[in-house]
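As provided, upload_12.tsv (TSV, C-alpha atoms) reads as follows.
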chain	number	residue	atom	x	y	z
A	1228	MET	CA	0.00	0.00	0.00
A	1229	SER	CA	1.26	3.48	-0.82
A	1230	PHE	CA	-0.22	6.93	-0.50
A	1231	PRO	CA	-1.01	8.52	-3.87
A	1232	ARG	CA	0.91	11.52	-5.11
A	1233	SER	CA	-1.24	14.61	-4.84
A	1234	SER	CA	-1.21	17.96	-6.59
A	1235	VAL	CA	-3.24	19.43	-3.73
A	1236	SER	CA	-1.39	22.36	-2.15
A	1237	SER	CA	-0.79	22.36	1.59
A	1238	SER	CA	-3.14	25.33	2.06
A	1239	SER	CA	-6.06	23.36	0.65
A	1240	LEU	CA	-5.05	19.90	1.91
A	1241	LEU	CA	-7.56	20.03	4.76
A	1242	ASP	CA	-10.35	21.05	2.36
A	1243	ALA	CA	-9.47	18.12	0.09
A	1244	HIS	CA	-9.93	15.79	3.05
A	1245	GLY	CA	-13.39	17.17	3.86
A	1246	TRP	CA	-12.72	20.15	6.13
A	1247	ASP	CA	-15.61	22.63	6.27
A	1248	SER	CA	-16.98	25.48	8.37
A	1249	GLY	CA	-18.78	23.05	10.68
A	1250	TRP	CA	-15.58	21.22	11.52
A	1251	ALA	CA	-13.79	24.54	11.95
A	1252	ALA	CA	-16.40	25.67	14.48
A	1253	ASP	CA	-16.12	22.40	16.40
A	1254	PHE	CA	-12.34	22.71	16.42
A	1255	ALA	CA	-12.24	26.27	17.80
A	1256	PRO	CA	-11.63	25.23	21.46
A	1257	HIS	CA	-8.69	23.06	20.38
A	1258	ALA	CA	-7.25	25.84	18.21
A	1259	ALA	CA	-7.31	28.08	21.27
A	1260	ARG	CA	-4.98	25.54	22.95
A	1261	GLY	CA	-2.52	25.80	20.08
A	1262	LEU	CA	-3.42	22.43	18.52
A	1263	VAL	CA	-3.77	21.88	14.77
A	1264	PRO	CA	-6.53	20.00	12.91
A	1265	GLY	CA	-6.02	16.95	10.76
A	1266	ARG	CA	-7.88	13.96	9.40
A	1267	VAL	CA	-6.82	10.44	10.35
A	1268	VAL	CA	-5.94	8.55	7.17
A	1269	ARG	CA	-4.56	5.35	8.74
A	1270	VAL	CA	-4.30	3.76	12.19
A	1271	ASP	CA	-1.97	0.95	13.24
A	1272	ARG	CA	-0.36	-0.20	16.49
A	1273	GLY	CA	-1.31	2.77	18.62
A	1274	GLN	CA	-0.17	5.35	16.09
A	1275	CYS	CA	-1.81	7.00	13.12
A	1276	ASP	CA	-1.09	9.02	9.99
A	1277	VAL	CA	-2.88	12.37	10.02
A	1278	ALA	CA	-3.40	14.71	7.05
A	1279	THR	CA	-2.78	18.27	8.26
A	1280	ALA	CA	-2.37	21.55	6.41
A	1281	GLU	CA	1.38	20.93	6.30
A	1282	GLY	CA	1.10	17.35	5.02
A	1283	ILE	CA	0.91	13.82	6.44
A	1284	VAL	CA	2.30	13.57	9.99
A	1285	ARG	CA	2.78	10.62	12.32
A	1286	ALA	CA	1.01	10.85	15.68
A	1287	ASP	CA	0.62	8.73	18.79
A	1288	THR	CA	-2.90	7.97	20.06
A	1289	ALA	CA	-1.97	7.23	23.69
A	1290	PHE	CA	-3.83	10.28	25.04
A	1291	VAL	CA	-7.14	9.29	23.42
A	1292	THR	CA	-7.36	5.53	24.08
A	1293	PRO	CA	-10.69	5.05	25.90
A	1294	HIS	CA	-12.03	1.84	27.41
A	1295	ASP	CA	-14.93	1.91	24.94
A	1296	PRO	CA	-13.70	0.28	21.69
A	1297	LEU	CA	-16.20	2.41	19.76
A	1298	ARG	CA	-14.38	5.57	20.83
A	1299	VAL	CA	-10.84	4.66	19.77
A	1300	VAL	CA	-9.17	6.79	17.10
A	1301	CYS	CA	-10.39	5.57	13.71
A	1302	THR	CA	-9.74	6.26	10.05
A	1303	GLY	CA	-11.93	9.20	9.07
A	1304	ASP	CA	-11.79	10.93	12.45
A	1305	TRP	CA	-10.91	14.61	12.69
A	1306	ALA	CA	-8.15	15.01	15.26
A	1307	ALA	CA	-6.53	17.74	17.30
A	1308	VAL	CA	-2.78	17.22	16.96
A	1309	ASP	CA	0.29	18.77	18.55
A	1310	PRO	CA	1.71	21.61	16.42
A	1311	GLU	CA	4.92	21.33	14.41
A	1312	GLY	CA	8.01	21.16	16.56
A	1313	ALA	CA	6.24	19.51	19.51
A	1314	GLY	CA	8.27	16.33	19.12
A	1315	ASP	CA	8.36	13.13	17.07
A	1316	PRO	CA	5.97	11.51	17.06
A	1317	ARG	CA	3.39	14.11	17.88
A	1318	TYR	CA	0.27	13.24	19.85
A	1319	VAL	CA	-3.42	13.22	19.03
A	1320	ARG	CA	-4.85	15.13	21.99
A	1321	ALA	CA	-8.56	14.79	21.10
A	1322	CYS	CA	-10.97	13.83	18.32
A	1323	LEU	CA	-13.95	15.89	17.21
A	1324	PRO	CA	-17.44	14.41	17.75
A	1325	ARG	CA	-18.32	12.15	14.83
A	1326	ARG	CA	-21.13	13.02	12.46
A	1327	THR	CA	-21.56	9.40	11.43
A	1328	ALA	CA	-19.85	6.12	12.34
A	1329	PHE	CA	-19.86	2.68	10.73
A	1330	ALA	CA	-19.74	0.02	13.46
A	1331	ARG	CA	-20.24	-3.72	13.74
A	1332	SER	CA	-20.04	-6.29	16.52
A	1333	THR	CA	-16.81	-8.24	16.72
A	1334	SER	CA	-16.63	-11.99	16.32
A	1335	SER	CA	-15.43	-12.34	19.91
A	1336	LYS	CA	-17.58	-14.02	22.55
A	1337	ARG	CA	-17.70	-10.71	24.41
A	1338	SER	CA	-19.63	-9.21	21.47
A	1339	GLU	CA	-17.88	-5.88	21.63
A	1340	GLY	CA	-18.50	-3.16	19.10
A	1341	GLN	CA	-15.84	-2.26	16.54
A	1342	ILE	CA	-15.69	1.05	14.73
A	1343	LEU	CA	-14.72	0.62	11.06
A	1344	ALA	CA	-14.88	4.16	9.66
A	1345	ALA	CA	-15.87	7.60	10.92
A	1346	ASN	CA	-17.61	10.59	9.35
A	1347	VAL	CA	-18.78	8.66	6.30
A	1348	ASP	CA	-21.34	9.97	3.78
A	1349	HIS	CA	-21.45	7.02	1.35
A	1350	ALA	CA	-21.12	3.29	2.03
A	1351	VAL	CA	-20.27	1.25	-1.07
A	1352	ILE	CA	-21.04	-2.41	-0.45
A	1353	THR	CA	-18.96	-4.42	-2.91
A	1354	VAL	CA	-20.38	-7.81	-3.95
A	1355	SER	CA	-18.52	-10.09	-6.35
A	1356	LEU	CA	-20.38	-11.62	-9.28
A	1357	ALA	CA	-17.69	-14.32	-9.48
A	1358	VAL	CA	-19.65	-16.28	-6.86
A	1359	GLU	CA	-23.31	-16.89	-6.10
A	1360	LEU	CA	-25.12	-13.93	-4.59
A	1361	ASP	CA	-25.67	-14.08	-0.82
A	1362	LEU	CA	-28.75	-11.88	-0.37
A	1363	GLY	CA	-28.76	-12.36	3.40
A	1364	ARG	CA	-25.23	-10.97	3.68
A	1365	ILE	CA	-26.16	-7.99	1.51
A	1366	GLU	CA	-29.07	-7.28	3.86
A	1367	ARG	CA	-26.68	-7.32	6.81
A	1368	PHE	CA	-24.30	-4.85	5.20
A	1369	LEU	CA	-27.22	-2.61	4.27
A	1370	ALA	CA	-28.58	-2.62	7.83
A	1371	LEU	CA	-25.19	-1.51	9.18
A	1372	ALA	CA	-24.82	1.11	6.44
A	1373	TRP	CA	-28.25	2.67	7.09
A	1374	GLU	CA	-27.63	2.61	10.85
A	1375	SER	CA	-24.33	4.43	10.39
A	1376	GLY	CA	-26.05	7.42	8.82
A	1377	ALA	CA	-24.39	6.91	5.42
A	1378	GLN	CA	-26.16	6.48	2.08
A	1379	PRO	CA	-25.49	2.93	0.84
A	1380	THR	CA	-24.78	1.84	-2.72
A	1381	VAL	CA	-24.42	-1.79	-3.78
A	1382	VAL	CA	-21.72	-2.41	-6.39
A	1383	LEU	CA	-21.85	-5.75	-8.20
A	1384	SER	CA	-18.16	-6.07	-9.03
A	1385	LYS	CA	-16.53	-8.21	-11.72
A	1386	ALA	CA	-19.52	-7.70	-14.01
A	1387	ASP	CA	-17.30	-8.64	-16.95
A	1388	LEU	CA	-17.59	-12.26	-15.75
A	1389	VAL	CA	-21.30	-12.17	-16.66
A	1390	PRO	CA	-21.27	-11.53	-20.43
A	1391	ASP	CA	-25.00	-12.30	-20.78
A	1392	ARG	CA	-26.66	-8.89	-20.42
A	1393	VAL	CA	-30.06	-10.43	-19.70
A	1394	GLY	CA	-28.59	-12.64	-16.98
A	1395	LEU	CA	-26.81	-9.62	-15.50
A	1396	SER	CA	-30.06	-7.64	-15.40
A	1397	TYR	CA	-31.71	-10.48	-13.46
A	1398	LEU	CA	-28.91	-10.40	-10.90
A	1399	VAL	CA	-29.35	-6.65	-10.50
A	1400	GLU	CA	-33.10	-7.14	-10.01
A	1401	ASP	CA	-32.48	-9.81	-7.37
A	1402	VAL	CA	-30.35	-7.41	-5.36
A	1403	GLU	CA	-32.78	-4.51	-5.87
A	1404	THR	CA	-35.52	-6.58	-4.20
A	1405	VAL	CA	-33.49	-6.65	-0.95
A	1406	ALA	CA	-32.19	-3.08	-1.22
A	1407	PRO	CA	-35.15	-0.68	-1.29
A	1408	GLY	CA	-34.07	2.89	-1.90
A	1409	VAL	CA	-30.52	1.86	-2.80
A	1410	GLN	CA	-28.68	2.19	-6.10
A	1411	VAL	CA	-27.48	-1.20	-7.40
A	1412	LEU	CA	-24.66	-0.79	-9.91
A	1413	PRO	CA	-22.97	-3.53	-11.97
A	1414	LEU	CA	-19.31	-2.59	-12.34
A	1415	SER	CA	-16.08	-3.91	-13.79
A	1416	SER	CA	-12.74	-2.45	-12.77
A	1417	THR	CA	-11.24	-4.37	-15.71
A	1418	THR	CA	-13.38	-2.90	-18.50
A	1419	GLY	CA	-14.35	0.32	-16.73
A	1420	GLU	CA	-18.07	-0.42	-16.90
A	1421	GLY	CA	-19.95	1.54	-14.26
A	1422	LEU	CA	-16.87	3.34	-12.90
A	1423	ASP	CA	-17.94	6.78	-14.15
A	1424	VAL	CA	-21.39	6.35	-12.62
A	1425	LEU	CA	-19.94	5.35	-9.24
A	1426	ALA	CA	-17.36	8.15	-9.32
A	1427	ALA	CA	-20.13	10.69	-9.94
A	1428	THR	CA	-22.26	9.18	-7.16
A	1429	ILE	CA	-19.56	9.48	-4.50
A	1430	ALA	CA	-17.93	12.73	-5.66
A	1431	GLY	CA	-17.69	15.01	-2.65
A	1432	GLY	CA	-18.00	13.67	0.87
A	1433	THR	CA	-16.43	10.56	2.35
A	1434	THR	CA	-16.97	7.05	1.00
A	1435	VAL	CA	-16.17	3.74	2.68
A	1436	LEU	CA	-15.67	0.54	0.67
A	1437	LEU	CA	-17.08	-2.56	2.36
A	1438	GLY	CA	-17.28	-6.24	1.48
A	1439	VAL	CA	-15.84	-9.67	2.10
A	1440	SER	CA	-12.30	-10.62	1.10
A	1441	GLY	CA	-12.06	-11.22	-2.64
A	1442	ALA	CA	-14.95	-8.91	-3.53
A	1443	GLY	CA	-12.63	-6.63	-5.52
A	1444	LYS	CA	-12.47	-3.65	-3.13
A	1445	SER	CA	-8.74	-3.00	-3.53
A	1446	THR	CA	-8.96	-3.15	-7.33
A	1447	LEU	CA	-11.91	-0.78	-7.20
A	1448	ALA	CA	-10.03	1.57	-4.87
A	1449	ASN	CA	-7.12	1.71	-7.31
A	1450	ALA	CA	-9.49	2.46	-10.19
A	1451	LEU	CA	-11.27	5.25	-8.31
A	1452	VAL	CA	-8.07	6.87	-7.00
A	1453	GLY	CA	-6.37	6.52	-10.38
A	1454	GLU	CA	-3.21	4.96	-8.94
A	1455	ASP	CA	-2.14	1.57	-7.59
A	1456	VAL	CA	-2.51	2.59	-3.96
A	1457	MET	CA	-3.62	-0.86	-2.79
A	1458	ASP	CA	-2.00	-4.27	-3.31
A	1459	VAL	CA	-4.18	-6.72	-5.23
A	1460	ARG	CA	-4.09	-10.51	-5.26
A	1461	ALA	CA	-6.20	-12.90	-7.29
A	1462	ALA	CA	-9.19	-14.55	-5.65
A	1463	ARG	CA	-9.48	-18.35	-5.57
A	1464	ASP	CA	-11.46	-19.84	-8.42
A	1465	VAL	CA	-13.18	-22.31	-6.07
A	1466	ASP	CA	-15.06	-19.86	-3.88
A	1467	GLY	CA	-14.03	-16.42	-5.06
A	1468	LYS	CA	-12.33	-15.61	-1.76
A	1469	GLY	CA	-9.07	-13.74	-1.59
A	1470	ARG	CA	-6.36	-13.28	0.99
A	1471	HIS	CA	-6.52	-10.15	3.09
A	1472	THR	CA	-4.36	-7.81	1.03
A	1473	THR	CA	-5.84	-4.86	2.94
A	1474	THR	CA	-4.98	-5.13	6.64
A	1475	THR	CA	-5.69	-1.57	7.76
A	1476	ARG	CA	-8.29	1.05	6.89
A	1477	ASN	CA	-6.78	3.67	4.58
A	1478	LEU	CA	-8.12	7.04	3.44
A	1479	PHE	CA	-7.30	8.53	0.02
A	1480	VAL	CA	-8.21	11.76	-1.75
A	1481	LEU	CA	-10.23	11.12	-4.94
A	1482	PRO	CA	-9.32	13.02	-8.13
A	1483	GLY	CA	-12.97	13.98	-8.69
A	1484	GLY	CA	-13.38	15.34	-5.18
A	1485	GLY	CA	-14.09	13.66	-1.87
A	1486	VAL	CA	-12.17	10.93	-0.09
A	1487	LEU	CA	-12.27	7.14	-0.06
A	1488	ILE	CA	-11.72	4.74	2.86
A	1489	ASP	CA	-10.78	1.19	1.90
A	1490	THR	CA	-11.30	-1.51	4.53
A	1491	PRO	CA	-10.06	-5.08	5.04
A	1492	GLY	CA	-12.36	-7.88	3.90
A	1493	LEU	CA	-14.89	-8.66	6.62
A	1494	ARG	CA	-15.27	-12.32	7.61
A	1495	GLY	CA	-18.14	-11.55	9.96
A	1496	VAL	CA	-20.85	-8.95	9.56
A	1497	GLY	CA	-22.35	-8.79	13.04
A	1498	LEU	CA	-25.01	-6.20	13.81
A	1499	TRP	CA	-24.37	-3.59	16.48
A	1500	ASP	CA	-27.47	-1.80	17.81
A	1501	ALA	CA	-28.86	-1.53	14.29
A	1502	GLU	CA	-32.63	-1.68	14.84
A	1503	ALA	CA	-33.31	1.39	12.71
A	1504	GLY	CA	-31.02	0.07	9.97
A	1505	VAL	CA	-32.81	-3.29	9.91
A	1506	GLY	CA	-36.13	-1.47	9.68
A	1507	GLN	CA	-34.86	0.54	6.71
A	1508	VAL	CA	-33.70	-2.58	4.86
A	1509	PHE	CA	-37.02	-4.33	5.45
A	1510	SER	CA	-39.20	-1.25	5.08
A	1511	GLU	CA	-41.92	-3.17	3.23
A	1512	ILE	CA	-42.35	-5.53	6.19
A	1513	GLU	CA	-42.50	-2.70	8.70
A	1514	GLU	CA	-45.08	-0.91	6.53
A	1515	LEU	CA	-47.20	-4.06	6.36
A	1516	ALA	CA	-46.87	-4.50	10.14
A	1517	GLY	CA	-48.57	-1.14	10.59
A	1518	ASP	CA	-51.74	-2.68	9.16
A	1519	CYS	CA	-51.76	-5.69	11.50
A	1520	ARG	CA	-54.70	-5.94	13.90
A	1521	PHE	CA	-52.41	-6.11	16.93
A	1522	HIS	CA	-49.59	-3.62	17.44
A	1523	ASP	CA	-47.35	-6.35	18.95
A	1524	CYS	CA	-48.12	-8.89	16.22
A	1525	ALA	CA	-45.40	-11.53	15.82
A	1526	HIS	CA	-46.53	-12.26	12.24
A	1527	GLU	CA	-47.02	-15.93	12.93
A	1528	SER	CA	-50.57	-17.14	13.62
A	1529	GLU	CA	-52.29	-13.99	14.89
A	1530	PRO	CA	-55.63	-13.08	13.27
A	1531	GLY	CA	-55.60	-10.00	11.07
A	1532	CYS	CA	-51.86	-10.18	10.36
A	1533	ALA	CA	-51.07	-8.12	7.25
A	1534	VAL	CA	-47.58	-9.65	6.97
A	1535	ALA	CA	-48.96	-13.21	6.98
A	1536	ALA	CA	-51.51	-12.17	4.35
A	1537	ALA	CA	-48.69	-10.84	2.13
A	1538	ILE	CA	-46.84	-14.15	2.52
A	1539	GLU	CA	-50.06	-16.00	1.61
A	1540	ASP	CA	-50.70	-14.00	-1.58
A	1541	GLY	CA	-47.05	-14.15	-2.62
A	1542	SER	CA	-46.35	-10.41	-2.51
A	1543	LEU	CA	-43.81	-10.92	0.29
A	1544	PRO	CA	-41.20	-13.67	-0.13
A	1545	VAL	CA	-40.87	-16.07	2.80
A	1546	ARG	CA	-37.07	-15.65	2.66
A	1547	ARG	CA	-37.42	-11.91	3.35
A	1548	LEU	CA	-39.53	-12.46	6.45
A	1549	GLU	CA	-37.18	-15.15	7.77
A	1550	SER	CA	-34.17	-12.88	7.22
A	1551	TYR	CA	-35.95	-9.98	8.94
A	1552	ARG	CA	-36.76	-12.11	11.97
A	1553	LYS	CA	-33.20	-13.40	12.15
A	1554	LEU	CA	-31.64	-9.94	12.12
A	1555	ILE	CA	-34.15	-8.53	14.61
A	1556	ARG	CA	-33.42	-11.41	17.03
A	1557	GLU	CA	-29.67	-11.02	16.61
A	1558	ASN	CA	-29.81	-7.29	17.15
A	1559	ARG	CA	-31.93	-7.66	20.29
A	1560	ARG	CA	-29.44	-10.14	21.73
A	1561	ILE	CA	-26.59	-7.68	21.15
A	1562	VAL	CA	-28.49	-4.77	22.67
A	1563	ALA	CA	-29.61	-6.90	25.64
A	1564	LYS	CA	-25.99	-7.40	26.69
A	1565	THR	CA	-25.81	-3.73	27.70
A	1566	ASP	CA	-29.48	-2.77	28.18
A	1567	ALA	CA	-31.26	-4.19	31.25
A	1568	ARG	CA	-34.68	-3.13	29.98
A	1569	VAL	CA	-34.26	-5.08	26.76
A	1570	ARG	CA	-33.01	-8.11	28.72
A	1571	SER	CA	-36.15	-7.96	30.86
A	1572	GLU	CA	-38.39	-7.71	27.79
A	1573	MET	CA	-36.68	-10.68	26.16
A	1574	LEU	CA	-37.04	-12.74	29.35
A	1575	ARG	CA	-40.77	-12.01	29.47
A	1576	GLU	CA	-41.07	-12.95	25.81
A	1577	TRP	CA	-39.24	-16.25	26.34
A	1578	LYS	CA	-41.51	-17.06	29.29
A	1579	ARG	CA	-44.60	-16.24	27.24
A	1580	MET	CA	-43.43	-18.46	24.38
A	1581	GLY	CA	-42.66	-21.22	26.88
A	1582	ARG	CA	-46.16	-21.05	28.34
A	1583	GLU	CA	-47.74	-21.10	24.89
A	1584	GLY	CA	-45.59	-24.05	23.89
A	1585	GLN	CA	-46.57	-25.93	27.03
A	1586	LYS	CA	-50.26	-25.28	26.38
A	1587	ALA	CA	-49.89	-26.50	22.81
A	1588	MET	CA	-48.25	-29.72	24.00
A	1589	GLU	CA	-51.01	-30.28	26.57
A	1590	LEU	CA	-53.68	-29.80	23.91
A	1591	LYS	CA	-51.83	-32.17	21.62
A	1592	ARG	CA	-51.58	-34.84	24.31
A	1593	GLY	CA	-55.28	-34.34	25.22
A	1594	GLY	CA	-56.30	-34.83	21.60
A	1595	ARG	CA	-54.42	-38.11	21.43
A	1596	GLY	CA	-56.19	-39.38	24.58
A	1597	ARG	CA	-59.70	-38.91	23.16
Go ahead and express the file in the form of structure tokens.
Amino acid sequence: MSFPRSSVSSSSLLDAHGWDSGWAADFAPHAARGLVPGRVVRVDRGQCDVATAEGIVRADTAFVTPHDPLRVVCTGDWAAVDPEGAGDPRYVRACLPRRTAFARSTSSKRSEGQILAANVDHAVITVSLAVELDLGRIERFLALAWESGAQPTVVLSKADLVPDRVGLSYLVEDVETVAPGVQVLPLSSTTGEGLDVLAATIAGGTTVLLGVSGAGKSTLANALVGEDVMDVRAARDVDGKGRHTTTTRNLFVLPGGGVLIDTPGLRGVGLWDAEAGVGQVFSEIEELAGDCRFHDCAHESEPGCAVAAAIEDGSLPVRRLESYRKLIRENRRIVAKTDARVRSEMLREWKRMGREGQKAMELKRGGRGR
């Protein structure tokens, strides 16, 4: 990985990285202390690279290492850094409050949150067409993207591997059914198909590239930046997976304006307090639920269930409802680990389901005895 050469002058370097009047106002108290602003472009091993008005500087994050893993210094943060001449390395003394943040739960048994990118406007979910589409995984990424506050876009990469235009259009339609309100764009970094559309979509603001290993994120990053800033390795033919060529999150200035954050391939896409994001992904189910007879309808066997009626008439696919239920349950389990009220609600629900199950078994046994 290498940082691209830039023709941006030092006086406008902050602007190129997304600096605006709002950030300047937030930074005023730190400026009064003699600190200088900069945007974090890379974090590794307790230190980070920060883009300041004078260029990229190396800074230590020891003074802003909180116990909460969601508050650690992250790529995309705006930082208050020691001025020039304060030593080597300098120190990040504080970070400005984030406007948006892309977070997921870790794969650890402790189910901690992990911040992936900060102050993001666009989330580009990269899905390889070299392997079979996993609609459930796309829904997960979308839920996290909506929850972060960013506008998601789904890029179907390696579109050149699907020469049949009709077949490609069907794949796009399949993804559009699980991505309401989201642009779905077939793209090939090899032929250039779709690159101009994506570049125009993300021009201005901050964009984060997301996806599993082998989805083509690093190749796409190189194409968007216009230089080989990321190492690329071929994906396996068997399952389309690649080795993790990207091991840190890196921020680059785009030639058409805006910045891009590339991320390592994600093995796990765990939700992290993403109830609103899940609702956005499954907006048609939540709209139907508003017409159910009971406000706490579980959409199973209740009378007057609008969701069940949509399943019955075929307007709502069973797979969508099952995926919705799965993500809602998973998200509630994550939230319950830190929210006593949610834990109490879940316990009551489990007890209710247990009582209903017991009654059903008693009725079943009684019917056999007659």
Hey, can you check how far atom CA of Pro1544 of chain A sits from atom CA of Glu1502 of chain A?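 Between atom CA of Pro1544 of chain A and atom CA of Glu1502 of chain A the gap works out to 21.0 Å.
Interatomic distance, atom CA of Gln1410 of chain A against atom CA of Ser1396 of chain A: 13.6 Å.
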Quick one: axis-aligned box around all listed atoms of segment 1324-1334 of chain A, 5 Å on every side, centre and edge lengths in Å to one decimal, written as JSON.
{"center_x": -19.1, "center_y": 1.2, "center_z": 14.2, "size_x": 14.9, "size_y": 36.4, "size_z": 17.0}
Excluding segment 1360-1370 of chain A and residues on its chain fewer than 4 positions from it, collect all residues at most 7 Å away from it, counting all atoms listed in the file, and give them as a list in words.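 The neighbour list is Ile1352, Glu1374, Pro1379, Val1402, Val1405, Val1496, Ala1501, Gly1504, Val1505, Val1508 and Ser1550 of chain A.
The interatomic distance for the pair atom CA of Gly1273 of chain A and atom CA of Asp1287 of chain A works out to 6.3 Å.
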Using all atoms listed in the file, pick whichever of A:Gly1484, A:Pro1324, A:Gly1497, A:Gly1303 has the shortest atom-to-atom distance to Leu1554 of chain A.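 Of A:Gly1484, A:Pro1324, A:Gly1497, A:Gly1303, the one nearest Leu1554 of chain A, counting all atoms listed in the file, is A:Gly1497.
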If we count only C-alpha atoms, what is near Gln1274 of chain A at a cut-off of 6 Å, once residues fewer than 2 positions away on the same chain are taken out, given as a PDB file with C-alpha atoms, in the frame of the given file?
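Wrote it out as result_24.pdb, contents follow:
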ATOM      1  CA  VAL A1270      -4.300   3.760  12.190  1.00  0.00           C
ATOM      2  CA  ASP A1271      -1.970   0.950  13.240  1.00  0.00           C
ATOM      3  CA  ARG A1272      -0.360  -0.200  16.490  1.00  0.00           C
ATOM      4  CA  ALA A1286       1.010  10.850  15.680  1.00  0.00           C
ATOM      5  CA  ASP A1287       0.620   8.730  18.790  1.00  0.00           C
ATOM      6  CA  THR A1288      -2.900   7.970  20.060  1.00  0.00           C
TER       7      THR A1288
END
Neighbouring residues of segment 1529-1536 of chain A were defined as those with any atom within 9 Å, considering all atoms listed in the file; residues of the same chain fewer than 2 positions away were excluded. Please report them as a VMD selection string. chain A and resid 1512 to 1513 1515 to 1521 1524 to 1527 1538 to 1543 1548
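Residue nearest Val1354 of chain A, chosen from A:Val1299, A:Ile1561, A:Ala1537, A:Val1411 and counting only C-alpha atoms: A:Val1411.
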Pick out the closest residue to Val1409 of chain A from this set: A:Gln1507, A:Thr1433, A:Thr1302, A:Asn1558. Count all atoms listed in the file.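 Residue with the minimum atom-to-atom distance to Val1409 of chain A: A:Gln1507.
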Using only C-alpha atoms, which of the listed residues (A:Cys1322, A:Leu1398, A:Ala1289, A:Leu1451) sits closest to Gly1421 of chain A?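 Distance minimum relative to Gly1421 of chain A lands on A:Leu1451.
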Trp1250 of chain A: which residues within 12 Å, counting only C-alpha atoms, same-chain residues fewer than 6 positions away excluded, as a list of chain:residue names?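 So, after excluding close chain neighbours, the residues are A:Leu1241, A:Asp1242, A:His1244, A:Pro1256, A:His1257, A:Ala1258, A:Pro1264, A:Gly1265, A:Arg1266, A:Asp1304, A:Trp1305, A:Ala1306, A:Ala1307, A:Cys1322, A:Leu1323, A:Pro1324, A:Arg1325, A:Arg1326, A:Asn1346.
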Within 12 Å of (-9.9, 10.5, -7.2) (file coordinates; all atoms listed in the file), which protein or nucleic acid residues are there? I'd like them as a VMD selection string. chain A and resid 1231 to 1235 1243 to 1244 1422 to 1423 1425 to 1427 1429 to 1434 1447 to 1456 1478 to 1488
Quick one: of A:Ser1355, A:Ser1416, A:Ser1440, A:Thr1475, who's nearest to Gly1492 of chain A, counting only C-alpha atoms?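 The closest residue to Gly1492 of chain A is A:Ser1440.
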Polymer residues at most 7 Å from (-4.9, 9.6, 6.6) by only C-alpha atoms, as a PyMOL selection string: chain A and resi 1266-1269+1276-1278+1302+1477-1478
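Between Leu1437 of chain A and the residues A:Trp1499, A:Phe1329, A:Phe1509, A:Tyr1551, the shortest atom-to-atom distance, using all atoms listed in the file, involves A:Phe1329.
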Segment 1274-1286 of chain A rebuilt with N, CA and C atoms, output as a short mmCIF file (atom, residue, chain, number, x, y, z; two decimals), in the frame of the given file:
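To be explicit, this is the file written out as selection-v6.cif:
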data_model
loop_
_atom_site.label_atom_id
_atom_site.label_comp_id
_atom_site.auth_asym_id
_atom_site.auth_seq_id
_atom_site.Cartn_x
_atom_site.Cartn_y
_atom_site.Cartn_z
N GLN A 1274 -0.55 4.11 16.75
CA GLN A 1274 -0.17 5.35 16.09
C GLN A 1274 -1.03 5.54 14.85
N CYS A 1275 -0.99 6.74 14.31
CA CYS A 1275 -1.81 7.00 13.12
C CYS A 1275 -1.12 8.02 12.22
N ASP A 1276 -1.50 8.00 10.95
CA ASP A 1276 -1.09 9.02 9.99
C ASP A 1276 -2.22 10.03 9.90
N VAL A 1277 -1.88 11.31 10.01
CA VAL A 1277 -2.88 12.37 10.02
C VAL A 1277 -2.56 13.38 8.91
N ALA A 1278 -3.57 13.70 8.10
CA ALA A 1278 -3.40 14.71 7.05
C ALA A 1278 -3.68 16.08 7.64
N THR A 1279 -2.65 16.90 7.75
CA THR A 1279 -2.78 18.27 8.26
C THR A 1279 -2.50 19.25 7.13
N ALA A 1280 -2.61 20.54 7.43
CA ALA A 1280 -2.37 21.55 6.41
C ALA A 1280 -0.94 21.52 5.90
N GLU A 1281 -0.02 20.99 6.70
CA GLU A 1281 1.38 20.93 6.30
C GLU A 1281 1.78 19.61 5.67
N GLY A 1282 0.82 18.65 5.61
CA GLY A 1282 1.10 17.35 5.02
C GLY A 1282 0.76 16.22 5.97
N ILE A 1283 1.17 14.99 5.61
CA ILE A 1283 0.91 13.82 6.44
C ILE A 1283 1.91 13.77 7.59
N VAL A 1284 1.41 13.67 8.82
CA VAL A 1284 2.30 13.57 9.99
C VAL A 1284 1.97 12.30 10.75
N ARG A 1285 2.95 11.81 11.50
CA ARG A 1285 2.78 10.62 12.32
C ARG A 1285 2.46 11.07 13.75
N ALA A 1286 1.43 10.44 14.34
CA ALA A 1286 1.01 10.85 15.68
C ALA A 1286 0.68 9.64 16.53
#
